[in-house]
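These notes are about the structure you will find just below.
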Amino acid sequence: MIGTAASNRRWRRIFLIVGAILAAYALLAPLTSLEAAQSANIPLLADKLWFRIATIIAMFAVMATAWNIIGGITGYAAFGNVAFFGIGAYTTGMLIAKAKWPFLLALPLAPIVAAAFAALVGLPLLRLRGHYFAVASLGVGVAVGELVQNIDYGGQPVFGGASGLFLPILRIDNRGLAFFYLMSAAAVFSIAVTWWVLRSRFGYGLIAIRENEEAASVLGVNTTAYKVAAFALAAALTGLAGGIFSQWNVFINQENVFPIEYNVQMILMALLGGTGTVFGPAAGAILLQLLIQFLGGTLPISFDLPFVSSDARPIVAQVILGLLLVVVVIFVPRGVIDFFGGRTRLSLSYLRRSLRETSL
Amino acid sequence: MSTAPAGPQLELRGVTKRFGGVAAVDGVNFEIAKGDIVGIIGPNGAGKTTLLNCISGVYHLDGGDIKLNGSSIAGMAPHRVARLGIGRTFQIVKPFGSMTARENVGIGALFGSAHARRGVKQAFALADEVLALVGLKAKADLPVSALTIPDRKRLEVARAVATRPQLLLLDEVMAGLNNVEIDEALEMVRSVHATGVTVLLIEHVMRVIVGVCRRAIVLDSGQVLAQGEPEVVLRDERVIQAYLGERYAKRLKSS
């Protein structure tokens, strides 16, 4: 390739600067000029729905980044992480709705309970490897949702049952904006945690486990403790997102905090962006969530898909996501973040090389 | 402990490991003194690697006891055995594929012996020292996939050495190497031993056993057949019989 090193470095710098400006705009613009923007009817900012979508993107950035810690860095493909999201949501939700705790006091309990649960199920689950772990963790993910909906005590559903749980609305100004910031802060925090992990002794131990668990153990890595800690850390971050979601959404039930498709989506985001990297999963979350919202027809900027009626859009979205998963795993195994490292560029030869690497 | 242990560094008493009905290691006794360099030989399936797995905690014992400096390490998890100062390599090398040579060795330096724990930066500095010791200094930044087979064997040794073991268990680090490479690997083992590490090595190449070992232990069918000076042990009729069969041993004797 022609002059790759220098031009890639330049592209990388341009990308970083543009990305930083966009991120700063997305985070700061609404703070200074929300009302002005809305009265001037500027696209994105004027639309309340936009905040909802931006908050959902941040929420998935947390979940994908958290999944990356156990799935990407440690190499244990957890398929049931939505359980921790739901547990976080129900922990905060129950404390607010039933125990009348204030939101900011109830929120820290979400990651704690989720992490404690992960440690408890992690001890037996993390003895399994490969597909066995993936299937078992999926089972836990489904089971927790069912349990939460169906546990009764004295004829009364403990967690609100099938009708779900209603939380009192937080009475503050610019609620949507506040939750957008809170969820974004959680995403930034998750990314910072990943950054720290990858530079720490802990992170090196996790990568060693991913690459060869037996070799790691004879070199002195306490593999059981490290795996459980990684699982609990992922659960804590996922639970934090769930806790914020419960107060933000005001209503939680099995369907909206234990959706099985979240399991697949957060993994797909991490794969799309780049597993094992700091920013990959968050980048994947932004790309994929925008695509999901677009395909679902819920994006403020939208247009009709050819040959697809609006009713069929969600179904078509699932099909396209499935195809995307296959394409990403085969052709971009290191994720799109690979193109921003200054070393590789998306080209036909890159795709061909990936195909050779990933096929047996 | 206030005084240095007077007894052997490593002591095996009746060590037994069964797989189903087969006793792969069957009542093995031996001792290794601090600073010694001992070879374990024996025909295929004699239980050499199983024995190493028993010592390093990869397998749980079905009987007997293993003592390091007088205290039992039987039943300990591998990482605890490693932290007490027993390093090991695998016969089929198990490198961390996504890492460079330096990072591989860095893992050993980061974890390993508990008494000399260090931070990430210092661990990588130690990794560089160890890479120089085994002759991989120039290849420190190469990914594992770019290393040759002999280099991967060196890397396996370097990783174990970086854990700062008092006792190093080497499982056939010379297997599959040509004569020149064996000489280089021998040099590497000698230089590691010279740093004060006790070495217990499994080897099929007799030249290695005679060349570096002060003592050889012969295993056959999971039991210790003979032990002593390598030259003496290799002339032992029972050892020849175990390797070459009864008829060959008789013919050798009558000729």
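Naming works like this for the structure tokens: A, B, ... for the chains as they're shown, residue 1 at the start of each chain, ligands 1 onward in shown order.
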If you run DSSP on the backbone here, which positions in range 161-284 of chain A get helix (DSSP H, G or I)? Please write them as a compact mmCIF listing (two decimals) with N, CA, C and O atoms, in the first residue's frame.
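Wrote it out as selection_26.txt, contents follow:
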# COMPACT_ATOMS: atom_id res chain seq x y z
N GLY A 161 -44.76 -8.96 39.59
CA GLY A 161 -45.32 -10.00 38.72
C GLY A 161 -45.43 -9.57 37.27
O GLY A 161 -44.64 -8.77 36.79
N ALA A 162 -46.46 -10.12 36.61
CA ALA A 162 -46.60 -9.89 35.18
C ALA A 162 -46.96 -8.45 34.87
O ALA A 162 -46.68 -7.95 33.78
N SER A 163 -47.58 -7.76 35.83
CA SER A 163 -47.98 -6.37 35.54
C SER A 163 -46.82 -5.40 35.73
O SER A 163 -46.97 -4.20 35.51
N ARG A 175 -35.64 16.34 32.70
CA ARG A 175 -35.45 14.94 33.08
C ARG A 175 -34.70 14.14 32.01
O ARG A 175 -33.74 13.44 32.29
N GLY A 176 -35.19 14.30 30.77
CA GLY A 176 -34.58 13.54 29.68
C GLY A 176 -33.10 13.83 29.54
O GLY A 176 -32.27 12.93 29.38
N LEU A 177 -32.77 15.12 29.67
CA LEU A 177 -31.39 15.54 29.55
C LEU A 177 -30.55 14.97 30.70
O LEU A 177 -29.44 14.48 30.50
N ALA A 178 -31.10 15.02 31.91
CA ALA A 178 -30.38 14.53 33.09
C ALA A 178 -30.05 13.05 32.94
O ALA A 178 -28.93 12.61 33.23
N PHE A 179 -31.02 12.27 32.46
CA PHE A 179 -30.76 10.83 32.32
C PHE A 179 -29.81 10.54 31.17
O PHE A 179 -29.04 9.59 31.21
N PHE A 180 -29.86 11.40 30.13
CA PHE A 180 -28.90 11.27 29.04
C PHE A 180 -27.48 11.45 29.59
O PHE A 180 -26.57 10.66 29.31
N TYR A 181 -27.31 12.46 30.45
CA TYR A 181 -25.99 12.70 31.04
C TYR A 181 -25.60 11.57 31.99
O TYR A 181 -24.45 11.12 32.00
N LEU A 182 -26.54 11.12 32.78
CA LEU A 182 -26.23 10.07 33.76
C LEU A 182 -25.79 8.79 33.03
O LEU A 182 -24.80 8.15 33.39
N MET A 183 -26.55 8.43 31.98
CA MET A 183 -26.21 7.20 31.24
C MET A 183 -24.88 7.38 30.51
O MET A 183 -24.07 6.45 30.43
N SER A 184 -24.65 8.60 29.96
CA SER A 184 -23.37 8.86 29.29
C SER A 184 -22.22 8.75 30.28
O SER A 184 -21.15 8.22 29.96
N ALA A 185 -22.44 9.26 31.50
CA ALA A 185 -21.41 9.17 32.53
C ALA A 185 -21.11 7.71 32.85
O ALA A 185 -19.94 7.32 33.02
N ALA A 186 -22.16 6.88 32.89
CA ALA A 186 -21.96 5.44 33.14
C ALA A 186 -21.13 4.82 32.02
O ALA A 186 -20.27 3.96 32.26
N ALA A 187 -21.40 5.27 30.78
CA ALA A 187 -20.65 4.73 29.63
C ALA A 187 -19.19 5.14 29.72
O ALA A 187 -18.29 4.31 29.54
N VAL A 188 -18.95 6.41 30.02
CA VAL A 188 -17.57 6.89 30.15
C VAL A 188 -16.86 6.15 31.28
O VAL A 188 -15.70 5.73 31.16
N PHE A 189 -17.58 5.94 32.39
CA PHE A 189 -17.02 5.21 33.52
C PHE A 189 -16.64 3.78 33.11
O PHE A 189 -15.55 3.29 33.44
N SER A 190 -17.52 3.11 32.37
CA SER A 190 -17.24 1.73 31.92
C SER A 190 -16.00 1.68 31.04
O SER A 190 -15.17 0.78 31.17
N ILE A 191 -15.89 2.67 30.15
CA ILE A 191 -14.73 2.73 29.27
C ILE A 191 -13.46 2.96 30.09
O ILE A 191 -12.42 2.34 29.86
N ALA A 192 -13.56 3.85 31.08
CA ALA A 192 -12.41 4.14 31.94
C ALA A 192 -11.99 2.89 32.72
O ALA A 192 -10.80 2.61 32.87
N VAL A 193 -12.98 2.14 33.20
CA VAL A 193 -12.68 0.90 33.92
C VAL A 193 -11.94 -0.08 33.00
O VAL A 193 -10.94 -0.68 33.39
N THR A 194 -12.43 -0.20 31.75
CA THR A 194 -11.78 -1.09 30.78
C THR A 194 -10.34 -0.64 30.52
O THR A 194 -9.43 -1.47 30.47
N TRP A 195 -10.16 0.67 30.38
CA TRP A 195 -8.82 1.23 30.15
C TRP A 195 -7.90 0.84 31.29
O TRP A 195 -6.77 0.40 31.08
N TRP A 196 -8.41 0.99 32.51
CA TRP A 196 -7.59 0.63 33.69
C TRP A 196 -7.29 -0.87 33.70
O TRP A 196 -6.15 -1.28 33.91
N VAL A 197 -8.33 -1.67 33.43
CA VAL A 197 -8.15 -3.14 33.47
C VAL A 197 -7.05 -3.56 32.52
O VAL A 197 -6.16 -4.34 32.88
N LEU A 198 -7.06 -3.00 31.29
CA LEU A 198 -6.11 -3.45 30.28
C LEU A 198 -4.68 -3.05 30.60
O LEU A 198 -3.74 -3.55 30.00
N ARG A 199 -4.48 -2.13 31.55
CA ARG A 199 -3.13 -1.73 31.93
C ARG A 199 -2.70 -2.33 33.26
O ARG A 199 -1.56 -2.12 33.69
N ARG A 201 -2.26 -5.42 36.32
CA ARG A 201 -1.93 -6.82 36.56
C ARG A 201 -3.16 -7.71 36.36
O ARG A 201 -3.09 -8.77 35.74
N PHE A 202 -4.30 -7.22 36.89
CA PHE A 202 -5.57 -7.94 36.75
C PHE A 202 -5.88 -8.23 35.28
O PHE A 202 -6.16 -9.37 34.91
N GLY A 203 -5.75 -7.19 34.45
CA GLY A 203 -6.06 -7.35 33.03
C GLY A 203 -5.12 -8.32 32.32
O GLY A 203 -5.55 -9.13 31.51
N TYR A 204 -3.83 -8.23 32.65
CA TYR A 204 -2.88 -9.17 32.05
C TYR A 204 -3.23 -10.61 32.44
O TYR A 204 -3.12 -11.53 31.62
N GLY A 205 -3.66 -10.78 33.68
CA GLY A 205 -4.08 -12.11 34.12
C GLY A 205 -5.28 -12.60 33.32
O GLY A 205 -5.34 -13.76 32.90
N LEU A 206 -6.25 -11.68 33.09
CA LEU A 206 -7.45 -12.06 32.33
C LEU A 206 -7.10 -12.45 30.90
O LEU A 206 -7.61 -13.44 30.37
N ILE A 207 -6.21 -11.68 30.27
CA ILE A 207 -5.83 -11.99 28.88
C ILE A 207 -5.09 -13.34 28.85
O ILE A 207 -5.31 -14.15 27.94
N ALA A 208 -4.25 -13.57 29.85
CA ALA A 208 -3.55 -14.86 29.92
C ALA A 208 -4.55 -16.01 30.01
O ALA A 208 -4.39 -17.05 29.37
N ILE A 209 -5.61 -15.81 30.80
CA ILE A 209 -6.65 -16.84 30.92
C ILE A 209 -7.31 -17.07 29.56
O ILE A 209 -7.53 -18.21 29.15
N ARG A 210 -7.60 -15.98 28.85
CA ARG A 210 -8.22 -16.11 27.53
C ARG A 210 -7.32 -16.89 26.58
O ARG A 210 -7.77 -17.77 25.86
N GLU A 211 -6.03 -16.59 26.61
CA GLU A 211 -5.12 -17.20 25.64
C GLU A 211 -4.78 -18.64 25.98
O GLU A 211 -4.63 -19.47 25.09
N GLU A 213 -5.63 -20.99 29.58
CA GLU A 213 -5.95 -20.98 31.00
C GLU A 213 -4.99 -21.83 31.83
O GLU A 213 -4.59 -21.46 32.93
N GLU A 214 -4.60 -22.99 31.28
CA GLU A 214 -3.71 -23.88 32.03
C GLU A 214 -2.33 -23.24 32.21
O GLU A 214 -1.76 -23.27 33.31
N ALA A 215 -1.83 -22.64 31.14
CA ALA A 215 -0.53 -21.97 31.23
C ALA A 215 -0.62 -20.82 32.24
O ALA A 215 0.31 -20.62 33.04
N ALA A 216 -1.73 -20.07 32.21
CA ALA A 216 -1.88 -18.96 33.15
C ALA A 216 -1.81 -19.46 34.58
O ALA A 216 -1.16 -18.86 35.43
N SER A 217 -2.47 -20.58 34.85
CA SER A 217 -2.52 -21.07 36.24
C SER A 217 -1.15 -21.53 36.73
O SER A 217 -0.79 -21.26 37.88
N VAL A 218 -0.35 -22.19 35.89
CA VAL A 218 0.97 -22.63 36.37
C VAL A 218 1.96 -21.47 36.45
O VAL A 218 3.04 -21.61 37.02
N THR A 223 -6.81 -18.44 38.53
CA THR A 223 -7.78 -18.34 37.43
C THR A 223 -9.23 -18.25 37.91
O THR A 223 -10.00 -17.47 37.38
N THR A 224 -9.59 -19.05 38.92
CA THR A 224 -10.97 -19.02 39.41
C THR A 224 -11.32 -17.62 39.93
O THR A 224 -12.33 -17.04 39.53
N ALA A 225 -10.47 -17.08 40.79
CA ALA A 225 -10.75 -15.77 41.38
C ALA A 225 -10.80 -14.69 40.30
O ALA A 225 -11.67 -13.82 40.32
N TYR A 226 -9.89 -14.77 39.34
CA TYR A 226 -9.85 -13.75 38.28
C TYR A 226 -11.09 -13.81 37.39
O TYR A 226 -11.64 -12.79 37.02
N LYS A 227 -11.49 -15.03 37.04
CA LYS A 227 -12.67 -15.17 36.18
C LYS A 227 -13.91 -14.64 36.89
O LYS A 227 -14.72 -13.91 36.31
N VAL A 228 -14.07 -15.02 38.16
CA VAL A 228 -15.24 -14.58 38.92
C VAL A 228 -15.22 -13.06 39.08
O VAL A 228 -16.24 -12.39 38.93
N ALA A 229 -14.03 -12.49 39.33
CA ALA A 229 -13.92 -11.04 39.48
C ALA A 229 -14.29 -10.33 38.18
O ALA A 229 -14.99 -9.31 38.20
N ALA A 230 -13.83 -10.88 37.04
CA ALA A 230 -14.16 -10.27 35.75
C ALA A 230 -15.67 -10.34 35.49
O ALA A 230 -16.28 -9.37 35.02
N PHE A 231 -16.26 -11.48 35.82
CA PHE A 231 -17.70 -11.68 35.63
C PHE A 231 -18.48 -10.70 36.51
O PHE A 231 -19.43 -10.05 36.06
N ALA A 232 -18.03 -10.55 37.77
CA ALA A 232 -18.72 -9.66 38.71
C ALA A 232 -18.56 -8.20 38.29
O ALA A 232 -19.50 -7.41 38.41
N LEU A 233 -17.39 -7.86 37.77
CA LEU A 233 -17.17 -6.49 37.31
C LEU A 233 -18.08 -6.16 36.13
O LEU A 233 -18.70 -5.09 36.08
N ALA A 234 -18.17 -7.11 35.18
CA ALA A 234 -19.08 -6.93 34.04
C ALA A 234 -20.52 -6.80 34.53
O ALA A 234 -21.28 -5.94 34.06
N ALA A 235 -20.88 -7.62 35.52
CA ALA A 235 -22.24 -7.59 36.06
C ALA A 235 -22.52 -6.26 36.75
O ALA A 235 -23.61 -5.70 36.62
N ALA A 236 -21.54 -5.74 37.48
CA ALA A 236 -21.73 -4.49 38.21
C ALA A 236 -22.04 -3.35 37.23
O ALA A 236 -23.00 -2.60 37.44
N LEU A 237 -21.25 -3.25 36.15
CA LEU A 237 -21.47 -2.18 35.18
C LEU A 237 -22.81 -2.34 34.48
O LEU A 237 -23.56 -1.38 34.29
N THR A 238 -23.14 -3.60 34.11
CA THR A 238 -24.41 -3.87 33.46
C THR A 238 -25.56 -3.54 34.41
O THR A 238 -26.58 -2.97 34.00
N GLY A 239 -25.39 -3.91 35.68
CA GLY A 239 -26.41 -3.62 36.69
C GLY A 239 -26.61 -2.13 36.90
O GLY A 239 -27.73 -1.66 37.10
N LEU A 240 -25.52 -1.38 36.81
CA LEU A 240 -25.60 0.08 36.93
C LEU A 240 -26.49 0.65 35.83
O LEU A 240 -27.37 1.49 36.10
N ALA A 241 -26.28 0.17 34.60
CA ALA A 241 -27.13 0.63 33.48
C ALA A 241 -28.58 0.28 33.75
O ALA A 241 -29.48 1.09 33.49
N GLY A 242 -28.82 -0.92 34.30
CA GLY A 242 -30.19 -1.34 34.62
C GLY A 242 -30.82 -0.44 35.67
O GLY A 242 -31.99 -0.07 35.57
N GLY A 243 -30.02 -0.09 36.67
CA GLY A 243 -30.52 0.77 37.74
C GLY A 243 -30.93 2.14 37.23
O GLY A 243 -31.99 2.66 37.59
N ILE A 244 -30.11 2.70 36.35
CA ILE A 244 -30.44 4.01 35.76
C ILE A 244 -31.70 3.87 34.90
O ILE A 244 -32.60 4.69 34.95
N PHE A 245 -31.74 2.77 34.13
CA PHE A 245 -32.90 2.55 33.24
C PHE A 245 -34.21 2.53 34.01
O PHE A 245 -35.21 3.10 33.58
N SER A 246 -34.21 1.87 35.18
CA SER A 246 -35.47 1.69 35.90
C SER A 246 -36.08 3.04 36.28
O SER A 246 -37.28 3.24 36.11
N GLN A 247 -35.26 3.96 36.79
CA GLN A 247 -35.80 5.27 37.18
C GLN A 247 -36.12 6.13 35.96
O GLN A 247 -37.09 6.87 35.93
N TRP A 248 -35.30 5.95 34.93
CA TRP A 248 -35.51 6.73 33.70
C TRP A 248 -36.83 6.33 33.03
O TRP A 248 -37.63 7.16 32.64
N ASN A 249 -37.03 5.01 32.93
CA ASN A 249 -38.19 4.50 32.20
C ASN A 249 -39.45 4.47 33.06
O ASN A 249 -40.55 4.34 32.55
N GLN A 254 -40.65 -7.84 33.00
CA GLN A 254 -39.75 -8.84 32.45
C GLN A 254 -39.34 -8.50 31.01
O GLN A 254 -38.20 -8.68 30.62
N GLU A 255 -40.34 -7.99 30.25
CA GLU A 255 -40.07 -7.74 28.84
C GLU A 255 -39.05 -6.64 28.61
O GLU A 255 -38.22 -6.74 27.71
N ASN A 256 -39.10 -5.56 29.41
CA ASN A 256 -38.20 -4.47 29.07
C ASN A 256 -36.86 -4.48 29.81
O ASN A 256 -35.95 -3.77 29.43
N VAL A 257 -36.72 -5.31 30.85
CA VAL A 257 -35.38 -5.38 31.47
C VAL A 257 -34.71 -6.75 31.37
O VAL A 257 -33.54 -6.90 31.74
N ILE A 260 -34.23 -11.15 25.85
CA ILE A 260 -33.17 -12.07 25.45
C ILE A 260 -32.33 -11.48 24.33
O ILE A 260 -31.13 -11.71 24.25
N GLU A 261 -32.98 -10.67 23.45
CA GLU A 261 -32.22 -10.15 22.30
C GLU A 261 -31.11 -9.18 22.73
O GLU A 261 -30.14 -9.00 22.00
N TYR A 262 -31.21 -8.61 23.93
CA TYR A 262 -30.11 -7.75 24.41
C TYR A 262 -28.82 -8.54 24.52
O TYR A 262 -27.74 -8.01 24.28
N ASN A 263 -28.93 -9.82 24.93
CA ASN A 263 -27.74 -10.67 25.05
C ASN A 263 -26.96 -10.70 23.74
O ASN A 263 -25.75 -10.55 23.71
N VAL A 264 -27.72 -10.90 22.65
CA VAL A 264 -27.09 -11.01 21.34
C VAL A 264 -26.59 -9.64 20.91
O VAL A 264 -25.49 -9.51 20.37
N GLN A 265 -27.41 -8.61 21.18
CA GLN A 265 -27.05 -7.27 20.70
C GLN A 265 -25.75 -6.78 21.34
O GLN A 265 -24.88 -6.25 20.67
N MET A 266 -25.61 -6.97 22.66
CA MET A 266 -24.40 -6.45 23.30
C MET A 266 -23.15 -7.19 22.81
O MET A 266 -22.09 -6.59 22.64
N ILE A 267 -23.29 -8.48 22.52
CA ILE A 267 -22.15 -9.24 21.99
C ILE A 267 -21.82 -8.78 20.58
O ILE A 267 -20.66 -8.57 20.22
N LEU A 268 -22.88 -8.59 19.78
CA LEU A 268 -22.69 -8.15 18.40
C LEU A 268 -22.01 -6.77 18.37
O LEU A 268 -21.12 -6.51 17.55
N MET A 269 -22.41 -5.90 19.30
CA MET A 269 -21.79 -4.57 19.38
C MET A 269 -20.30 -4.67 19.70
O MET A 269 -19.47 -4.01 19.07
N ALA A 270 -19.97 -5.53 20.66
CA ALA A 270 -18.57 -5.69 21.04
C ALA A 270 -17.77 -6.28 19.87
O ALA A 270 -16.66 -5.85 19.58
N LEU A 271 -18.37 -7.26 19.17
CA LEU A 271 -17.69 -7.88 18.03
C LEU A 271 -17.51 -6.87 16.90
O LEU A 271 -16.45 -6.77 16.29
N LEU A 272 -18.58 -6.12 16.63
CA LEU A 272 -18.56 -5.14 15.55
C LEU A 272 -17.49 -4.08 15.81
O LEU A 272 -16.73 -3.71 14.93
N GLY A 273 -17.43 -3.62 17.05
CA GLY A 273 -16.48 -2.56 17.38
C GLY A 273 -15.07 -3.10 17.56
O GLY A 273 -14.10 -2.47 17.15
N GLY A 280 -13.72 -0.08 21.35
CA GLY A 280 -14.44 -0.87 20.36
C GLY A 280 -15.91 -1.12 20.68
O GLY A 280 -16.79 -0.77 19.90
N PRO A 281 -16.19 -1.72 21.86
CA PRO A 281 -17.57 -2.05 22.16
C PRO A 281 -18.50 -0.82 22.17
O PRO A 281 -19.62 -0.90 21.66
N ALA A 282 -18.02 0.32 22.68
CA ALA A 282 -18.84 1.53 22.69
C ALA A 282 -19.09 2.01 21.27
O ALA A 282 -20.21 2.40 20.91
N ALA A 283 -18.03 1.96 20.44
CA ALA A 283 -18.19 2.35 19.03
C ALA A 283 -19.20 1.44 18.35
O ALA A 283 -20.08 1.89 17.59
N GLY A 284 -19.10 0.14 18.64
CA GLY A 284 -20.04 -0.83 18.08
C GLY A 284 -21.47 -0.55 18.54
O GLY A 284 -22.42 -0.69 17.78
Task: Shell of 10 Å around Ala136 in chain A, only C-alpha atoms, local chain residues under 6 positions omitted, as a count of residues only - done: 7
Mind listing as a CSV table (one decimal) with N, CA and C atoms, in the first residue's frame which residues of chain B are within 8 Å of chain A, counting only C-alpha atoms?
chain,number,residue,atom,x,y,z
B,56,SER,N,3.2,-30.0,39.9
B,56,SER,CA,2.8,-28.6,39.7
B,56,SER,C,1.4,-28.4,40.1
B,58,VAL,N,-1.4,-29.5,38.7
B,58,VAL,CA,-2.3,-29.7,37.6
B,58,VAL,C,-3.3,-30.9,37.9
B,78,PRO,N,-2.7,-25.1,41.1
B,78,PRO,CA,-1.5,-24.8,40.4
B,78,PRO,C,-0.9,-23.4,40.7
B,79,HIS,N,-1.8,-22.4,40.8
B,79,HIS,CA,-1.3,-21.1,41.0
B,79,HIS,C,-0.6,-20.9,42.3
B,80,ARG,N,-1.1,-21.7,43.3
B,80,ARG,CA,-0.4,-21.6,44.6
B,80,ARG,C,0.9,-22.3,44.6
B,81,VAL,N,1.0,-23.4,43.9
B,81,VAL,CA,2.3,-24.1,43.8
B,81,VAL,C,3.3,-23.2,43.1
B,82,ALA,N,2.8,-22.5,42.0
B,82,ALA,CA,3.7,-21.6,41.3
B,82,ALA,C,4.2,-20.5,42.2
B,83,ARG,N,3.3,-20.0,43.0
B,83,ARG,CA,3.6,-18.8,43.9
B,83,ARG,C,4.6,-19.3,45.0
B,87,GLY,N,8.3,-23.6,39.1
B,87,GLY,CA,7.9,-23.2,37.7
B,87,GLY,C,7.9,-24.4,36.8
B,88,ARG,N,7.1,-24.4,35.7
B,88,ARG,CA,7.1,-25.5,34.9
B,88,ARG,C,6.9,-25.1,33.4
B,94,LYS,N,2.5,-23.9,25.3
B,94,LYS,CA,1.2,-23.3,25.5
B,94,LYS,C,1.4,-21.8,25.6
B,95,PRO,N,1.9,-21.1,24.5
B,95,PRO,CA,2.1,-19.7,24.5
B,95,PRO,C,0.8,-18.9,24.5
B,96,PHE,N,0.8,-17.7,25.0
B,96,PHE,CA,-0.3,-16.8,24.9
B,96,PHE,C,-0.3,-16.1,23.5
B,97,GLY,N,-1.1,-16.7,22.6
B,97,GLY,CA,-1.0,-16.4,21.2
B,97,GLY,C,-1.1,-14.9,20.8
B,98,SER,N,-1.9,-14.2,21.4
B,98,SER,CA,-2.1,-12.8,21.0
B,98,SER,C,-1.0,-11.8,21.5
B,107,ILE,N,4.0,-12.0,31.8
B,107,ILE,CA,2.9,-12.7,32.7
B,107,ILE,C,3.6,-13.5,33.8
B,108,GLY,N,4.6,-14.2,33.4
B,108,GLY,CA,5.4,-15.0,34.4
B,108,GLY,C,5.9,-14.1,35.5
B,110,LEU,N,4.9,-11.0,36.3
B,110,LEU,CA,3.8,-10.3,37.0
B,110,LEU,C,3.2,-11.2,38.1
B,111,PHE,N,3.1,-12.5,37.8
B,111,PHE,CA,2.5,-13.4,38.8
B,111,PHE,C,3.7,-14.2,39.4
B,112,GLY,N,3.6,-15.6,39.3
B,112,GLY,CA,4.8,-16.3,39.8
B,112,GLY,C,5.0,-16.1,41.3
B,113,SER,N,6.3,-16.2,41.7
B,113,SER,CA,6.6,-16.3,43.1
B,113,SER,C,6.0,-15.1,43.9
B,119,GLY,N,5.3,-4.6,40.2
B,119,GLY,CA,4.3,-3.9,39.3
B,119,GLY,C,4.5,-4.2,37.9
B,120,VAL,N,3.6,-3.7,37.0
B,120,VAL,CA,3.6,-4.0,35.6
B,120,VAL,C,4.9,-3.6,35.0
B,159,ARG,N,9.3,-18.0,30.2
B,159,ARG,CA,8.1,-17.7,31.0
B,159,ARG,C,8.1,-18.3,32.4
B,160,ALA,N,8.6,-19.5,32.4
B,160,ALA,CA,8.7,-20.2,33.7
B,160,ALA,C,9.8,-19.6,34.6
B,163,THR,N,9.0,-16.5,36.5
B,163,THR,CA,8.2,-16.6,37.8
B,163,THR,C,9.2,-16.6,39.0
Open item on the list: One decimal, in Å: what's the spacing between CA of Ile40 in chain B and CA of Leu169 in chain B?
Closed with: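 Separation between CA of Ile40 in chain B and CA of Leu169 in chain B: 10.3 Å.
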Task: Contacts of Thr148 in chain B within 12 Å, only C-alpha atoms, excl. fewer than 6 positions in-chain, as a ChimeraX atom specification - done: /B:93,101,136,139,142,154-155,176-177,181
- [ ] Once DSSP has gone over the backbone, tell me which residues of range 149-338 of chain A are in strand (DSSP E or B), as a list in words.
- [x]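 Residues of range 149-338 of chain A classed as strand (DSSP E or B): Asp152, Tyr153, Gln156, Pro157, Leu165, Phe166, Phe251 and Ile252 of chain A.
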- [ ] Considering only C-alpha atoms, state which residue in the set A:Phe133, A:Trp50, A:Leu295, A:Leu104 is at the smallest distance from Gly75 in chain A.
- [x] A:Phe133
TODO: Can you work out which one of A:Ala119, A:Val332, A:Ile320, A:Leu105 has the shortest atom-to-atom distance to Arg353 in chain A, counting only C-alpha atoms?
DONE: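 Ranked by minimum distance to Arg353 in chain A, first place goes to A:Val332.
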Task: Distance query range 220-236 of chain B at most 9 Å, only C-alpha atoms, self and fewer than 6 positions along chain excluded, as a ChimeraX atom specification - done: /B:16-17,23-30,39,41-48,50-51,206,209-210,213-214,242-243
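When only C-alpha atoms are used to measure the gap to Leu325 in chain A, the shortest distance among A:Leu288, A:Ala114, A:Ala83, A:Ala64 belongs to A:Leu288.
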